[in-house]
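Structure data follow from coords-v1.pdb (PDB, C-alpha atoms):
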```
ATOM      1  CA  MET A1485      93.036 112.431  90.869  1.00  0.00           C
ATOM      2  CA  ALA A1486      96.128 111.513  92.858  1.00  0.00           C
ATOM      3  CA  PRO A1487      97.246 115.120  93.612  1.00  0.00           C
ATOM      4  CA  GLU A1488      93.868 115.900  95.214  1.00  0.00           C
ATOM      5  CA  ILE A1489      94.039 112.707  97.290  1.00  0.00           C
ATOM      6  CA  VAL A1490      97.570 113.517  98.441  1.00  0.00           C
ATOM      7  CA  ASP A1491      96.625 117.109  99.321  1.00  0.00           C
ATOM      8  CA  THR A1492      93.709 115.821 101.388  1.00  0.00           C
ATOM      9  CA  PHE A1493      95.296 112.849 103.161  1.00  0.00           C
ATOM     10  CA  PHE A1494      99.065 113.556 103.103  1.00  0.00           C
ATOM     11  CA  PRO A1495      99.542 117.337 102.772  1.00  0.00           C
ATOM     12  CA  ASN A1496     102.889 119.085 102.990  1.00  0.00           C
ATOM     13  CA  VAL A1497     103.389 120.882 106.299  1.00  0.00           C
ATOM     14  CA  LYS A1498     106.151 123.110 107.617  1.00  0.00           C
ATOM     15  CA  ALA A1499     108.550 121.292 109.917  1.00  0.00           C
ATOM     16  CA  ASP A1500     112.232 121.475 110.833  1.00  0.00           C
ATOM     17  CA  ILE A1501     112.786 117.901 112.042  1.00  0.00           C
ATOM     18  CA  PHE A1502     111.531 114.588 110.665  1.00  0.00           C
ATOM     19  CA  ILE A1503     111.077 111.925 113.368  1.00  0.00           C
ATOM     20  CA  SER A1504     111.302 108.389 111.972  1.00  0.00           C
ATOM     21  CA  HIS A1505     109.828 105.881 114.402  1.00  0.00           C
ATOM     22  CA  SER A1506     107.932 102.635 114.844  1.00  0.00           C
ATOM     23  CA  HIS A1507     104.156 103.074 115.130  1.00  0.00           C
ATOM     24  CA  LYS A1508     104.492 101.331 118.514  1.00  0.00           C
ATOM     25  CA  ASP A1509     106.689 104.229 119.672  1.00  0.00           C
ATOM     26  CA  VAL A1510     104.336 106.997 118.557  1.00  0.00           C
ATOM     27  CA  GLU A1511     103.726 108.238 122.121  1.00  0.00           C
ATOM     28  CA  ALA A1512     107.470 108.420 122.746  1.00  0.00           C
ATOM     29  CA  ALA A1513     107.869 110.284 119.437  1.00  0.00           C
ATOM     30  CA  LYS A1514     105.188 112.787 120.474  1.00  0.00           C
ATOM     31  CA  GLU A1515     106.865 113.390 123.839  1.00  0.00           C
ATOM     32  CA  PHE A1516     110.228 113.796 122.134  1.00  0.00           C
ATOM     33  CA  ALA A1517     108.753 116.304 119.669  1.00  0.00           C
ATOM     34  CA  LYS A1518     107.139 118.202 122.542  1.00  0.00           C
ATOM     35  CA  ILE A1519     110.420 118.441 124.446  1.00  0.00           C
ATOM     36  CA  ILE A1520     112.250 119.623 121.337  1.00  0.00           C
ATOM     37  CA  TYR A1521     109.625 122.324 120.690  1.00  0.00           C
ATOM     38  CA  VAL A1522     109.545 123.577 124.294  1.00  0.00           C
ATOM     39  CA  LYS A1523     113.342 123.716 124.492  1.00  0.00           C
ATOM     40  CA  THR A1524     114.179 124.914 120.987  1.00  0.00           C
ATOM     41  CA  GLY A1525     111.065 126.231 119.222  1.00  0.00           C
ATOM     42  CA  LEU A1526     111.710 123.727 116.401  1.00  0.00           C
ATOM     43  CA  LYS A1527     108.737 121.910 114.892  1.00  0.00           C
ATOM     44  CA  SER A1528     108.906 118.151 114.344  1.00  0.00           C
ATOM     45  CA  PHE A1529     107.022 116.098 111.778  1.00  0.00           C
ATOM     46  CA  ILE A1530     105.233 112.943 113.020  1.00  0.00           C
ATOM     47  CA  ASP A1531     103.113 111.529 110.205  1.00  0.00           C
ATOM     48  CA  SER A1532     100.247 110.228 112.354  1.00  0.00           C
ATOM     49  CA  GLU A1533      99.888 113.653 114.003  1.00  0.00           C
ATOM     50  CA  VAL A1534      99.112 115.541 110.794  1.00  0.00           C
ATOM     51  CA  TRP A1535      98.153 112.943 108.195  1.00  0.00           C
ATOM     52  CA  SER A1536      95.177 110.634 107.859  1.00  0.00           C
ATOM     53  CA  TYR A1537      95.770 106.893 108.131  1.00  0.00           C
ATOM     54  CA  ALA A1538      96.534 105.215 104.823  1.00  0.00           C
ATOM     55  CA  ASP A1539      94.468 102.194 105.898  1.00  0.00           C
ATOM     56  CA  ASP A1540      91.380 104.401 106.248  1.00  0.00           C
ATOM     57  CA  LEU A1541      91.900 105.689 102.715  1.00  0.00           C
ATOM     58  CA  LEU A1542      92.359 102.105 101.510  1.00  0.00           C
ATOM     59  CA  ASN A1543      89.139 101.024 103.195  1.00  0.00           C
ATOM     60  CA  ASP A1544      87.212 103.803 101.449  1.00  0.00           C
ATOM     61  CA  ILE A1545      88.668 102.956  98.035  1.00  0.00           C
ATOM     62  CA  ASP A1546      88.225  99.211  98.475  1.00  0.00           C
ATOM     63  CA  PHE A1547      84.603  99.571  99.539  1.00  0.00           C
ATOM     64  CA  ASP A1548      83.799 101.582  96.403  1.00  0.00           C
ATOM     65  CA  TYR A1549      85.937  99.765  93.842  1.00  0.00           C
ATOM     66  CA  CYS A1550      87.024  96.338  95.117  1.00  0.00           C
ATOM     67  CA  LEU A1551      83.970  94.919  96.900  1.00  0.00           C
ATOM     68  CA  LYS A1552      82.239  92.176  94.917  1.00  0.00           C
ATOM     69  CA  ALA A1553      78.527  91.348  94.976  1.00  0.00           C
ATOM     70  CA  ASN A1554      79.127  88.295  97.201  1.00  0.00           C
ATOM     71  CA  GLY A1555      80.663  90.460  99.917  1.00  0.00           C
ATOM     72  CA  SER A1556      84.285  89.457  99.285  1.00  0.00           C
ATOM     73  CA  TYR A1557      87.014  91.683  97.861  1.00  0.00           C
ATOM     74  CA  SER A1558      88.729  91.293  94.502  1.00  0.00           C
ATOM     75  CA  TYR A1559      92.313  90.194  95.169  1.00  0.00           C
ATOM     76  CA  GLU A1560      93.585  91.787  91.946  1.00  0.00           C
ATOM     77  CA  LYS A1561      91.830  95.126  92.543  1.00  0.00           C
ATOM     78  CA  ARG A1562      92.951  95.167  96.171  1.00  0.00           C
ATOM     79  CA  ASN A1563      96.561  94.780  95.021  1.00  0.00           C
ATOM     80  CA  ILE A1564      96.136  97.727  92.664  1.00  0.00           C
ATOM     81  CA  SER A1565      94.481  99.979  95.263  1.00  0.00           C
ATOM     82  CA  THR A1566      97.163  99.151  97.836  1.00  0.00           C
ATOM     83  CA  SER A1567      99.902  99.938  95.316  1.00  0.00           C
ATOM     84  CA  TYR A1568      98.350 103.337  94.552  1.00  0.00           C
ATOM     85  CA  VAL A1569      97.876 104.343  98.187  1.00  0.00           C
ATOM     86  CA  HIS A1570     101.301 103.142  99.324  1.00  0.00           C
ATOM     87  CA  MET A1571     102.927 104.900  96.376  1.00  0.00           C
ATOM     88  CA  MET A1572     101.210 108.180  97.296  1.00  0.00           C
ATOM     89  CA  LEU A1573     102.144 107.795 100.977  1.00  0.00           C
ATOM     90  CA  ASN A1574     105.749 106.920 100.184  1.00  0.00           C
ATOM     91  CA  THR A1575     106.063 109.892  97.834  1.00  0.00           C
ATOM     92  CA  ALA A1576     104.583 112.193 100.482  1.00  0.00           C
ATOM     93  CA  LEU A1577     107.111 110.878 103.014  1.00  0.00           C
ATOM     94  CA  LEU A1578     109.916 111.543 100.545  1.00  0.00           C
ATOM     95  CA  ASN A1579     108.713 115.119 100.080  1.00  0.00           C
ATOM     96  CA  MET A1580     108.592 115.714 103.836  1.00  0.00           C
ATOM     97  CA  LEU A1581     112.064 114.209 104.322  1.00  0.00           C
ATOM     98  CA  ASP A1582     113.349 116.563 101.650  1.00  0.00           C
ATOM     99  CA  ARG A1583     111.624 119.582 103.228  1.00  0.00           C
ATOM    100  CA  CYS A1584     112.905 118.944 106.763  1.00  0.00           C
ATOM    101  CA  GLU A1585     116.429 120.014 107.639  1.00  0.00           C
ATOM    102  CA  CYS A1586     117.189 117.303 110.183  1.00  0.00           C
ATOM    103  CA  LEU A1587     116.099 113.710 110.830  1.00  0.00           C
ATOM    104  CA  PHE A1588     115.939 111.822 114.116  1.00  0.00           C
ATOM    105  CA  PHE A1589     115.515 108.048 113.975  1.00  0.00           C
ATOM    106  CA  LEU A1590     114.170 106.526 117.204  1.00  0.00           C
ATOM    107  CA  SER A1591     116.217 103.342 117.370  1.00  0.00           C
ATOM    108  CA  THR A1592     114.302 101.110 119.782  1.00  0.00           C
ATOM    109  CA  PRO A1593     113.645  97.360 119.931  1.00  0.00           C
ATOM    110  CA  ASN A1594     110.341  98.164 118.201  1.00  0.00           C
ATOM    111  CA  SER A1595     112.115  99.665 115.196  1.00  0.00           C
ATOM    112  CA  PHE A1596     115.533  97.983 115.017  1.00  0.00           C
ATOM    113  CA  ASN A1597     116.291  94.374 115.911  1.00  0.00           C
ATOM    114  CA  LYS A1598     119.041  93.739 118.443  1.00  0.00           C
ATOM    115  CA  GLU A1599     119.316  89.924 118.332  1.00  0.00           C
ATOM    116  CA  GLN A1600     122.585  88.758 116.837  1.00  0.00           C
ATOM    117  CA  GLU A1601     120.956  86.680 114.073  1.00  0.00           C
ATOM    118  CA  ILE A1602     118.941  89.629 112.726  1.00  0.00           C
ATOM    119  CA  LYS A1603     120.887  92.533 114.214  1.00  0.00           C
ATOM    120  CA  ASN A1604     120.512  95.976 112.623  1.00  0.00           C
ATOM    121  CA  THR A1605     117.460  94.943 110.602  1.00  0.00           C
ATOM    122  CA  THR A1606     113.876  96.163 110.760  1.00  0.00           C
ATOM    123  CA  PHE A1607     110.560  94.431 110.225  1.00  0.00           C
ATOM    124  CA  SER A1608     108.944  97.748 109.240  1.00  0.00           C
ATOM    125  CA  PRO A1609     108.847  98.455 105.493  1.00  0.00           C
ATOM    126  CA  TRP A1610     108.135 102.117 106.298  1.00  0.00           C
ATOM    127  CA  ILE A1611     111.215 102.559 108.481  1.00  0.00           C
ATOM    128  CA  TYR A1612     113.256 100.790 105.829  1.00  0.00           C
ATOM    129  CA  SER A1613     111.835 103.121 103.184  1.00  0.00           C
ATOM    130  CA  GLU A1614     112.381 106.307 105.227  1.00  0.00           C
ATOM    131  CA  LEU A1615     116.006 105.486 106.033  1.00  0.00           C
ATOM    132  CA  SER A1616     116.663 104.446 102.443  1.00  0.00           C
ATOM    133  CA  MET A1617     115.183 107.706 101.176  1.00  0.00           C
ATOM    134  CA  ALA A1618     117.198 109.677 103.732  1.00  0.00           C
ATOM    135  CA  ASN A1619     120.349 108.118 102.259  1.00  0.00           C
ATOM    136  CA  ALA A1620     119.261 108.813  98.686  1.00  0.00           C
ATOM    137  CA  ILE A1621     117.932 112.377  98.791  1.00  0.00           C
ATOM    138  CA  GLU A1622     120.230 115.289  98.092  1.00  0.00           C
ATOM    139  CA  LYS A1623     121.872 116.641 101.219  1.00  0.00           C
ATOM    140  CA  ARG A1624     121.763 120.430 101.246  1.00  0.00           C
ATOM    141  CA  ILE A1625     123.685 122.858 103.402  1.00  0.00           C
ATOM    142  CA  PRO A1626     121.212 125.321 104.995  1.00  0.00           C
ATOM    143  CA  VAL A1627     121.135 128.770 103.407  1.00  0.00           C
ATOM    144  CA  ARG A1628     122.211 130.370 106.664  1.00  0.00           C
ATOM    145  CA  TYR A1629     125.499 128.450 106.393  1.00  0.00           C
ATOM    146  CA  ASP A1630     126.098 129.927 102.948  1.00  0.00           C
ATOM    147  CA  GLU A1631     125.456 133.341 104.388  1.00  0.00           C
ATOM    148  CA  MET A1632     127.996 132.719 107.144  1.00  0.00           C
ATOM    149  CA  ASN A1633     130.462 131.239 104.606  1.00  0.00           C
ATOM    150  CA  LYS A1634     130.863 128.057 106.654  1.00  0.00           C
ATOM    151  CA  ALA A1635     132.630 125.217 104.846  1.00  0.00           C
ATOM    152  CA  LEU A1636     130.874 121.918 105.524  1.00  0.00           C
ATOM    153  CA  ARG A1637     132.003 118.902 103.502  1.00  0.00           C
ATOM    154  CA  GLU A1638     129.754 116.028 104.501  1.00  0.00           C
ATOM    155  CA  GLN A1639     126.331 115.553 105.992  1.00  0.00           C
ATOM    156  CA  SER A1640     124.843 113.129 108.522  1.00  0.00           C
ATOM    157  CA  ILE A1641     121.594 112.262 110.334  1.00  0.00           C
ATOM    158  CA  ALA A1642     121.278 112.328 114.129  1.00  0.00           C
ATOM    159  CA  GLN A1643     120.161 109.043 115.651  1.00  0.00           C
ATOM    160  CA  PHE A1644     118.257 108.747 118.903  1.00  0.00           C
ATOM    161  CA  SER A1645     118.174 105.554 120.967  1.00  0.00           C
ATOM    162  CA  GLN A1646     115.776 104.261 123.600  1.00  0.00           C
ATOM    163  CA  GLU A1647     114.503 100.876 124.789  1.00  0.00           C
ATOM    164  CA  ASP A1648     111.144  99.102 124.391  1.00  0.00           C
ATOM    165  CA  SER A1649     109.777  95.689 123.315  1.00  0.00           C
ATOM    166  CA  LEU A1650     110.230  93.981 119.938  1.00  0.00           C
ATOM    167  CA  PRO A1651     107.494  93.973 117.320  1.00  0.00           C
ATOM    168  CA  ASP A1652     106.235  90.537 116.399  1.00  0.00           C
ATOM    169  CA  LEU A1653     106.471  90.763 112.593  1.00  0.00           C
ATOM    170  CA  LYS A1654     107.908  89.286 109.623  1.00  0.00           C
ATOM    171  CA  ILE A1655     110.513  90.117 107.002  1.00  0.00           C
ATOM    172  CA  ALA A1656     113.824  91.468 108.280  1.00  0.00           C
ATOM    173  CA  MET A1657     115.222  94.242 106.046  1.00  0.00           C
ATOM    174  CA  LYS A1658     118.632  95.851 106.513  1.00  0.00           C
ATOM    175  CA  PRO A1659     118.649  99.605 105.801  1.00  0.00           C
ATOM    176  CA  ASN A1660     121.910 101.447 105.302  1.00  0.00           C
ATOM    177  CA  THR A1661     122.681 103.358 108.494  1.00  0.00           C
ATOM    178  CA  SER A1662     126.370 103.976 107.830  1.00  0.00           C
ATOM    179  CA  ASN A1663     125.853 107.746 107.639  1.00  0.00           C
ATOM    180  CA  LEU A1664     123.860 107.987 110.879  1.00  0.00           C
ATOM    181  CA  ILE A1665     125.591 109.510 113.892  1.00  0.00           C
ATOM    182  CA  SER A1666     124.629 108.037 117.258  1.00  0.00           C
ATOM    183  CA  CYS A1667     123.037 110.533 119.639  1.00  0.00           C
ATOM    184  CA  ASP A1668     122.518 108.916 123.053  1.00  0.00           C
ATOM    185  CA  CYS A1669     120.327 110.279 125.830  1.00  0.00           C
ATOM    186  CA  GLN A1670     123.222 112.019 127.614  1.00  0.00           C
ATOM    187  CA  LYS A1671     124.234 113.915 124.488  1.00  0.00           C
ATOM    188  CA  LEU A1672     120.581 114.745 123.823  1.00  0.00           C
ATOM    189  CA  ARG A1673     120.133 116.115 127.358  1.00  0.00           C
ATOM    190  CA  ASN A1674     123.338 118.129 126.989  1.00  0.00           C
ATOM    191  CA  TRP A1675     122.060 119.651 123.734  1.00  0.00           C
ATOM    192  CA  LEU A1676     118.592 120.463 125.079  1.00  0.00           C
ATOM    193  CA  SER A1677     120.002 121.980 128.286  1.00  0.00           C
ATOM    194  CA  LYS A1678     121.835 124.608 126.228  1.00  0.00           C
ATOM    195  CA  CYS A1679     118.990 125.362 123.799  1.00  0.00           C
ATOM    196  CA  SER A1680     116.757 128.398 123.866  1.00  0.00           C
ATOM    197  CA  PHE A1681     113.212 128.586 122.447  1.00  0.00           C
ATOM    198  CA  SER A1682     113.920 132.014 120.951  1.00  0.00           C
ATOM    199  CA  LYS A1683     116.982 130.820 119.005  1.00  0.00           C
ATOM    200  CA  SER A1684     115.068 128.307 116.833  1.00  0.00           C
ATOM    201  CA  LEU A1685     117.367 127.102 114.027  1.00  0.00           C
ATOM    202  CA  GLU A1686     120.455 128.210 115.948  1.00  0.00           C
ATOM    203  CA  ASN A1687     119.687 125.289 118.247  1.00  0.00           C
ATOM    204  CA  LEU A1688     120.235 122.900 115.320  1.00  0.00           C
ATOM    205  CA  ASP A1689     123.522 124.665 114.573  1.00  0.00           C
ATOM    206  CA  PHE A1690     124.613 123.911 118.123  1.00  0.00           C
ATOM    207  CA  LEU A1691     123.598 120.260 117.724  1.00  0.00           C
ATOM    208  CA  TYR A1692     125.636 119.953 114.521  1.00  0.00           C
ATOM    209  CA  GLY A1693     128.585 121.658 116.213  1.00  0.00           C
ATOM    210  CA  MET A1694     128.564 119.112 119.047  1.00  0.00           C
ATOM    211  CA  PHE A1695     129.142 116.295 116.589  1.00  0.00           C
ATOM    212  CA  GLN A1696     131.725 118.186 114.570  1.00  0.00           C
ATOM    213  CA  LYS A1697     133.842 118.381 117.700  1.00  0.00           C
ATOM    214  CA  SER A1698     133.376 114.742 118.689  1.00  0.00           C
ATOM    215  CA  ASN A1699     133.434 113.121 115.243  1.00  0.00           C
ATOM    216  CA  LYS A1700     135.986 113.005 112.491  1.00  0.00           C
ATOM    217  CA  ARG A1701     133.128 113.228 110.029  1.00  0.00           C
ATOM    218  CA  GLN A1702     131.249 116.467 109.757  1.00  0.00           C
ATOM    219  CA  VAL A1703     127.560 116.554 110.487  1.00  0.00           C
ATOM    220  CA  VAL A1704     125.048 116.050 107.693  1.00  0.00           C
ATOM    221  CA  TYR A1705     121.850 117.964 107.215  1.00  0.00           C
ATOM    222  CA  GLY A1706     118.912 116.310 105.470  1.00  0.00           C
TER     223      GLY A1706
END
```
Please re-express this file's structure in structure tokens.
Amino acid sequence: MAPEIVDTFFPNVKADIFISHSHKDVEAAKEFAKIIYVKTGLKSFIDSEVWSYADDLLNDIDFDYCLKANGSYSYEKRNISTSYVHMMLNTALLNMLDRCECLFFLSTPNSFNKEQEIKNTTFSPWIYSELSMANAIEKRIPVRYDEMNKALREQSIAQFSQEDSLPDLKIAMKPNTSNLISCDCQKLRNWLSKCSFSKSLENLDFLYGMFQKSNKRQVVYG
């Protein structure tokens, strides 16, 4: 049954921040998550750190259900198994995006193309899906803001930039990033320098406040 598979391979976990990244930047994502935790006490979600690989699940399913007697795989059954696994993974990602309060997108040459002809596109269907879902899910003001009676009108997602080398893949897709707010390394260092491990979610409040002061738009929480 799909729920049992999801619970085993893609379980819900408690996290404050969702880090969207290219698989080629996973080490950078881990270091970033570590810095955030040490400085703020906030937990970040990196899928490969807590979930099994979808390809491993696919291999298991395909071996049991798609392998023919001649040693080749059924094309039709492989399409079906891939659809099931990718649907379960994508739904699990949606649930985690919805559970996390804040999203950081690591915008590097591995994740976002910089060349003029294909600028602001991605070759990763997973990055495209995550950013599309981040635009589509309901944006909720944290309960603590209700308690403090703070009036926040709009919501936005912090964006983190760094440099690396381009991936060598295929179809360029253009996700909507119009509601992302750029957070460069200097602003990130400034935020982390004023954070305290013991303050936890108050550190996110400070991050949002930084952008409220520097942006006409108010900061969005995912």
List every residue of range 1543-1629 of chain A that has an atom at most 12 Å from any atom of range 1662-1667 of chain A, giving for each one its closest atom pair and the distance in Å to one decimal, counting only C-alpha atoms, sorted by chain and then by ascending residue number, as a tab-separated table.
```
residue	atom	partner	partner_atom	distance
A:Cys1586	CA	A:Leu1664	CA	11.5
A:Leu1587	CA	A:Leu1664	CA	9.6
A:Phe1588	CA	A:Cys1667	CA	9.1
A:Phe1589	CA	A:Leu1664	CA	8.9
A:Leu1590	CA	A:Cys1667	CA	10.0
A:Ser1591	CA	A:Ser1666	CA	9.6
A:Asn1604	CA	A:Ser1662	CA	11.0
A:Leu1615	CA	A:Leu1664	CA	9.6
A:Ser1616	CA	A:Asn1663	CA	11.1
A:Ala1618	CA	A:Asn1663	CA	9.7
A:Asn1619	CA	A:Asn1663	CA	7.7
A:Ala1620	CA	A:Asn1663	CA	11.2
A:Lys1623	CA	A:Asn1663	CA	11.7
```
- Message: For a quick check of understanding, using all atoms listed in the file, which of A:Ile1489, A:Val1569, A:Arg1673, A:Ser1608 has the smallest distance to Lys1658 in chain A?
- Response: A:Ser1608
- Item | Selection near Val1490 in chain A, 12 Å with only C-alpha atoms, sequence-local residues under 5 positions removed, as a VMD selection string | chain A and resid 1485 1495 to 1496 1535 to 1538 1541 1568 to 1577 1579
- Message: For the provided coordinates, the residues matched by the PyMOL selection byres ((chain A and resi 1533) around 12) should be stated as number ranges by chain.
- Response: A: 1493-1495, 1497, 1503, 1507, 1510-1511, 1513-1514, 1517, 1528-1532, 1534-1537
- CA of Met1617 in chain A sits from CA of Ser1506 in chain A at a separation of 16.3 Å
- Task: For each of A:Asp1668, A:Glu1601, A:Glu1686, A:Glu1585, take the minimum atom-to-atom distance to Asp1500 in chain A, counting only C-alpha atoms, then give the residue where this is smallest.
- Result: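 Answer, going by the shortest atom-to-atom distance: A:Glu1585.
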- Note on the structure: Restricting to all atoms listed in the file, whichever of A:Lys1518, A:Lys1523, A:Arg1562, A:Lys1508 is closest to Lys1678 in chain A is A:Lys1523
